[in-house]
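Written out below as structure tokens is the structure these notes cover.
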Amino acid sequence: MRFQTINALHLFNFEEVTLKEFHMGKDSVTMVMDALIVKGNNPANEECIDRFADTANLCFKEGIITEAYKEGYKYYDAMDRLIEEVPDEKVPAAQYENLLKQCRDVLLFDIIRVKEEVDRYEYQIGIDLDESTTYWFHITCKGTLMEWEKFKNRVMN
């Protein structure tokens with residue numbers, strides 16, 4: 001890949017990113033995404049304005065999924081009375097592989113930094129499988145590597 005950013009996910013905007021693939025290997029967790037926005041302050045972005053990247057690969061080096069859960073919700077009527085409450089539902093580790101297979105051609109809600117220390121990074125990744133189903137993954141890793149081949153259009157605000 002032509003462009004790389006190491007351990008600096010804050011230099012990207014994940015709004016409206018389409019997640020093409022999500023894999024968990026022996027020594028890493030990887031994501032392939034479209035419509036990634038490379039922020040203007042990213043050193044790889046020579047134009048210094050937000051721009052889209054072509055297909056980008058994100059690798060969580062020595063990454064593992066430590067927890068996954070389906071986000072719950074509360075449903076209220078017009079009078080602000082609770083009608084229905086569904087709690088978060090933890091996903092057993094044995095089901096991670098099957099869940100990751102469902103995370104293709106879906107929207108990436110966000111990647112949130114939980115902790116960044118030397119050789120220890122933690123992130124929360126939200127993925128919308130459809131309008132009413134969001135899964136959250138907690139990933140611990142030794143570092144991140146974002147790679148892409150070329151830039152596309154500028155981001156219009």
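Labels for the structure tokens follow display order: chains A, B, ..., residues from 1 in each chain, ligands from 1.
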
*DSSP says helix (DSSP H, G or I) for which residues of region 53-142 of chain A? Put them as number ranges by chain?*
A: 93-102

Can I get the selected residues back with N, CA and C atoms, as a short mmCIF file (atom, residue, chain, number, x, y, z; two decimals), in the first residue's frame?
```cif
data_model
loop_
_atom_site.label_atom_id
_atom_site.label_comp_id
_atom_site.auth_asym_id
_atom_site.auth_seq_id
_atom_site.Cartn_x
_atom_site.Cartn_y
_atom_site.Cartn_z
N ALA A 93 -17.92 -15.66 23.27
CA ALA A 93 -16.72 -15.66 22.42
C ALA A 93 -16.81 -16.71 21.31
N ALA A 94 -17.48 -17.81 21.57
CA ALA A 94 -17.60 -18.87 20.56
C ALA A 94 -18.40 -18.41 19.34
N GLN A 95 -19.17 -17.34 19.47
CA GLN A 95 -19.99 -16.84 18.36
C GLN A 95 -19.35 -15.66 17.61
N TYR A 96 -18.17 -15.20 18.03
CA TYR A 96 -17.53 -14.06 17.39
C TYR A 96 -17.33 -14.27 15.89
N GLU A 97 -16.83 -15.43 15.52
CA GLU A 97 -16.53 -15.70 14.11
C GLU A 97 -17.79 -15.58 13.24
N ASN A 98 -18.90 -16.16 13.69
CA ASN A 98 -20.16 -16.06 12.94
C ASN A 98 -20.66 -14.63 12.87
N LEU A 99 -20.52 -13.89 13.97
CA LEU A 99 -20.95 -12.50 13.98
C LEU A 99 -20.12 -11.66 13.02
N LEU A 100 -18.81 -11.88 12.97
CA LEU A 100 -17.95 -11.13 12.07
C LEU A 100 -18.31 -11.37 10.61
N LYS A 101 -18.78 -12.56 10.28
CA LYS A 101 -19.21 -12.86 8.91
C LYS A 101 -20.42 -12.03 8.51
N GLN A 102 -21.24 -11.64 9.48
CA GLN A 102 -22.40 -10.80 9.20
C GLN A 102 -22.02 -9.33 8.99
#
```

*asked:* Can you tell me which residues surround Asn7 (chain A) at a distance of at most 7 Å, considering only C-alpha atoms, apart from same-chain residues fewer than 3 positions away, and format the answer as a PyMOL selection string?
replied: chain A and resi 143-145

Just-selected residues, N, CA and C atoms written as a PDB file, in the first residue's frame:
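result_7.pdb written:
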```
ATOM      1  N   GLY A 143      -1.007  -2.202  18.650  1.00  0.00           N
ATOM      2  CA  GLY A 143      -0.902  -1.038  17.782  1.00  0.00           C
ATOM      3  C   GLY A 143      -1.821  -1.175  16.593  1.00  0.00           C
ATOM      4  N   THR A 144      -1.945  -0.089  15.819  1.00  0.00           N
ATOM      5  CA  THR A 144      -2.796  -0.101  14.628  1.00  0.00           C
ATOM      6  C   THR A 144      -2.007   0.329  13.398  1.00  0.00           C
ATOM      7  N   LEU A 145      -2.441  -0.181  12.271  1.00  0.00           N
ATOM      8  CA  LEU A 145      -1.859   0.185  10.987  1.00  0.00           C
ATOM      9  C   LEU A 145      -3.000   0.385   9.998  1.00  0.00           C
TER      10      LEU A 145
END
```

*Extract, using only C-alpha atoms, all DNA, RNA and protein residues at most 9 Å from region 30-41 of chain A, discarding same-chain residues fewer than 5 positions from it, and format them as a PyMOL selection string.*
chain A and resi 10-25+46-61+63+105+108+151+154-155

Based on the selection just made, write N, CA and C atoms of those residues as an mmCIF file, in the first residue's frame.
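Final file, part.cif:
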```cif
data_model
loop_
_atom_site.group_PDB
_atom_site.id
_atom_site.type_symbol
_atom_site.label_atom_id
_atom_site.label_comp_id
_atom_site.auth_asym_id
_atom_site.auth_seq_id
_atom_site.Cartn_x
_atom_site.Cartn_y
_atom_site.Cartn_z
ATOM 1 N N HIS A 10 -7.034 8.689 15.377
ATOM 2 C CA HIS A 10 -7.655 9.999 15.535
ATOM 3 C C HIS A 10 -7.482 10.881 14.291
ATOM 4 N N LEU A 11 -6.650 10.463 13.357
ATOM 5 C CA LEU A 11 -6.436 11.217 12.115
ATOM 6 C C LEU A 11 -7.398 10.808 11.006
ATOM 7 N N PHE A 12 -8.449 10.042 11.372
ATOM 8 C CA PHE A 12 -9.455 9.585 10.414
ATOM 9 C C PHE A 12 -10.845 9.878 10.951
ATOM 10 N N ASN A 13 -11.787 10.019 10.039
ATOM 11 C CA ASN A 13 -13.193 10.184 10.387
ATOM 12 C C ASN A 13 -13.915 8.946 9.867
ATOM 13 N N PHE A 14 -14.591 8.238 10.749
ATOM 14 C CA PHE A 14 -15.231 6.976 10.388
ATOM 15 C C PHE A 14 -16.729 7.111 10.093
ATOM 16 N N GLU A 15 -17.231 8.349 10.021
ATOM 17 C CA GLU A 15 -18.643 8.562 9.705
ATOM 18 C C GLU A 15 -18.941 8.044 8.294
ATOM 19 N N GLU A 16 -20.022 7.310 8.182
ATOM 20 C CA GLU A 16 -20.515 6.810 6.899
ATOM 21 C C GLU A 16 -19.564 5.834 6.196
ATOM 22 N N VAL A 17 -18.668 5.242 6.934
ATOM 23 C CA VAL A 17 -17.770 4.238 6.369
ATOM 24 C C VAL A 17 -18.540 2.937 6.167
ATOM 25 N N THR A 18 -18.334 2.308 5.029
ATOM 26 C CA THR A 18 -18.916 1.000 4.774
ATOM 27 C C THR A 18 -17.874 -0.055 5.115
ATOM 28 N N LEU A 19 -18.251 -0.951 6.000
ATOM 29 C CA LEU A 19 -17.360 -2.039 6.382
ATOM 30 C C LEU A 19 -17.535 -3.165 5.375
ATOM 31 N N LYS A 20 -16.489 -3.475 4.647
ATOM 32 C CA LYS A 20 -16.542 -4.517 3.618
ATOM 33 C C LYS A 20 -16.215 -5.883 4.190
ATOM 34 N N GLU A 21 -15.253 -5.957 5.110
ATOM 35 C CA GLU A 21 -14.839 -7.222 5.721
ATOM 36 C C GLU A 21 -14.359 -6.950 7.147
ATOM 37 N N PHE A 22 -14.521 -7.957 7.996
ATOM 38 C CA PHE A 22 -14.082 -7.878 9.391
ATOM 39 C C PHE A 22 -13.599 -9.277 9.759
ATOM 40 N N HIS A 23 -12.305 -9.407 10.062
ATOM 41 C CA HIS A 23 -11.709 -10.720 10.317
ATOM 42 C C HIS A 23 -10.966 -10.741 11.646
ATOM 43 N N MET A 24 -10.978 -11.902 12.270
ATOM 44 C CA MET A 24 -10.203 -12.134 13.478
ATOM 45 C C MET A 24 -9.252 -13.288 13.174
ATOM 46 N N GLY A 25 -7.947 -12.985 13.152
ATOM 47 C CA GLY A 25 -6.949 -14.016 12.888
ATOM 48 C C GLY A 25 -6.233 -14.410 14.170
ATOM 49 N N GLU A 46 -1.372 15.270 1.785
ATOM 50 C CA GLU A 46 -0.581 16.431 1.390
ATOM 51 C C GLU A 46 -1.407 17.669 1.066
ATOM 52 N N GLU A 47 -2.716 17.532 0.858
ATOM 53 C CA GLU A 47 -3.546 18.694 0.546
ATOM 54 C C GLU A 47 -4.090 19.394 1.779
ATOM 55 N N CYS A 48 -3.936 18.802 2.952
ATOM 56 C CA CYS A 48 -4.334 19.399 4.226
ATOM 57 C C CYS A 48 -5.822 19.725 4.329
ATOM 58 N N ILE A 49 -6.655 19.005 3.573
ATOM 59 C CA ILE A 49 -8.106 19.089 3.702
ATOM 60 C C ILE A 49 -8.634 17.663 3.767
ATOM 61 N N ASP A 50 -9.800 17.497 4.368
ATOM 62 C CA ASP A 50 -10.364 16.150 4.478
ATOM 63 C C ASP A 50 -10.609 15.572 3.099
ATOM 64 N N ARG A 51 -10.161 14.322 2.912
ATOM 65 C CA ARG A 51 -10.308 13.634 1.624
ATOM 66 C C ARG A 51 -10.694 12.185 1.866
ATOM 67 N N PHE A 52 -11.431 11.630 0.910
ATOM 68 C CA PHE A 52 -11.760 10.210 0.979
ATOM 69 C C PHE A 52 -10.569 9.390 0.503
ATOM 70 N N ALA A 53 -10.397 8.225 1.106
ATOM 71 C CA ALA A 53 -9.407 7.256 0.637
ATOM 72 C C ALA A 53 -10.148 6.191 -0.153
ATOM 73 N N ASP A 54 -9.422 5.517 -1.046
ATOM 74 C CA ASP A 54 -10.039 4.360 -1.693
ATOM 75 C C ASP A 54 -10.130 3.257 -0.637
ATOM 76 N N THR A 55 -10.312 2.049 -1.014
ATOM 77 C CA THR A 55 -10.444 0.952 -0.051
ATOM 78 C C THR A 55 -9.266 0.971 0.919
ATOM 79 N N ALA A 56 -9.583 0.997 2.219
ATOM 80 C CA ALA A 56 -8.557 1.078 3.250
ATOM 81 C C ALA A 56 -8.568 -0.191 4.096
ATOM 82 N N ASN A 57 -7.389 -0.573 4.549
ATOM 83 C CA ASN A 57 -7.226 -1.743 5.416
ATOM 84 C C ASN A 57 -6.742 -1.273 6.780
ATOM 85 N N LEU A 58 -7.448 -1.707 7.820
ATOM 86 C CA LEU A 58 -7.065 -1.392 9.189
ATOM 87 C C LEU A 58 -6.690 -2.686 9.889
ATOM 88 N N CYS A 59 -5.497 -2.713 10.438
ATOM 89 C CA CYS A 59 -5.017 -3.888 11.167
ATOM 90 C C CYS A 59 -4.768 -3.502 12.621
ATOM 91 N N PHE A 60 -5.404 -4.245 13.525
ATOM 92 C CA PHE A 60 -5.123 -4.132 14.948
ATOM 93 C C PHE A 60 -4.066 -5.190 15.243
ATOM 94 N N LYS A 61 -2.800 -4.757 15.330
ATOM 95 C CA LYS A 61 -1.677 -5.688 15.475
ATOM 96 C C LYS A 61 -1.728 -6.403 16.822
ATOM 97 N N GLY A 63 -4.048 -8.031 17.857
ATOM 98 C CA GLY A 63 -5.338 -7.659 18.413
ATOM 99 C C GLY A 63 -6.217 -8.853 18.729
ATOM 100 N N ASP A 105 -20.467 -5.358 4.205
ATOM 101 C CA ASP A 105 -21.312 -4.400 3.498
ATOM 102 C C ASP A 105 -22.342 -3.764 4.426
ATOM 103 N N LEU A 108 -20.225 1.183 9.463
ATOM 104 C CA LEU A 108 -19.405 1.278 10.657
ATOM 105 C C LEU A 108 -19.920 2.487 11.423
ATOM 106 N N PHE A 151 -5.888 8.467 -2.847
ATOM 107 C CA PHE A 151 -6.955 9.354 -2.389
ATOM 108 C C PHE A 151 -8.014 9.478 -3.477
ATOM 109 N N ARG A 154 -12.317 15.218 -2.504
ATOM 110 C CA ARG A 154 -12.357 15.992 -1.270
ATOM 111 C C ARG A 154 -13.715 15.771 -0.616
ATOM 112 N N VAL A 155 -13.734 15.936 0.700
ATOM 113 C CA VAL A 155 -14.986 15.836 1.444
ATOM 114 C C VAL A 155 -15.649 17.194 1.418
#
```

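A straight line drawn from CA of Ala68 (chain A) to CA of Val91 (chain A) is 5.4 Å long.
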
*Would you please extract all strand (DSSP E or B) residues from region 12-107 of chain A, as assigned by DSSP on the backbone, and give them as a PyMOL selection string?*
chain A and resi 12-13+17-24+28-34+37-38+51-53+56-61+64-70+73-76+82-86+89-90+106-107

*Identify which of the residues A:Lys90, A:Lys150, A:Arg104, A:His138 lies closest to Lys70 (chain A), counting only C-alpha atoms when measuring atom-to-atom distances.*
A:Lys90

*A:Tyr73, A:Leu9, A:Gln4, A:Asp88 ranked by distance to Val114 (chain A), top pick (using only C-alpha atoms)*: A:Leu9

*Distance criterion (only C-alpha atoms): nearest to Ile65 (chain A) out of A:Asn45, A:Thr134, A:Thr140, A:Asn153*: A:Thr140

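The gap separating CA of Ile125 (chain A) from CA of Cys141 (chain A) is 13.1 Å, in Å to one decimal.
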
_Contact residues around Lys142 (chain A) with only C-alpha atoms at 12 Å, ignoring same-chain residues under 4 positions, as a VMD selection string_ = chain A and resid 6 to 7 27 to 29 59 to 64 115 to 123

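Summary of the local environment: counting only C-alpha atoms, residues at most 8 Å from Glu71 (chain A), other than itself and those fewer than 3 positions away along its chain, are Pro87, Asp88, Glu89, Thr133, Thr134, Tyr135 and Trp136 of chain A.
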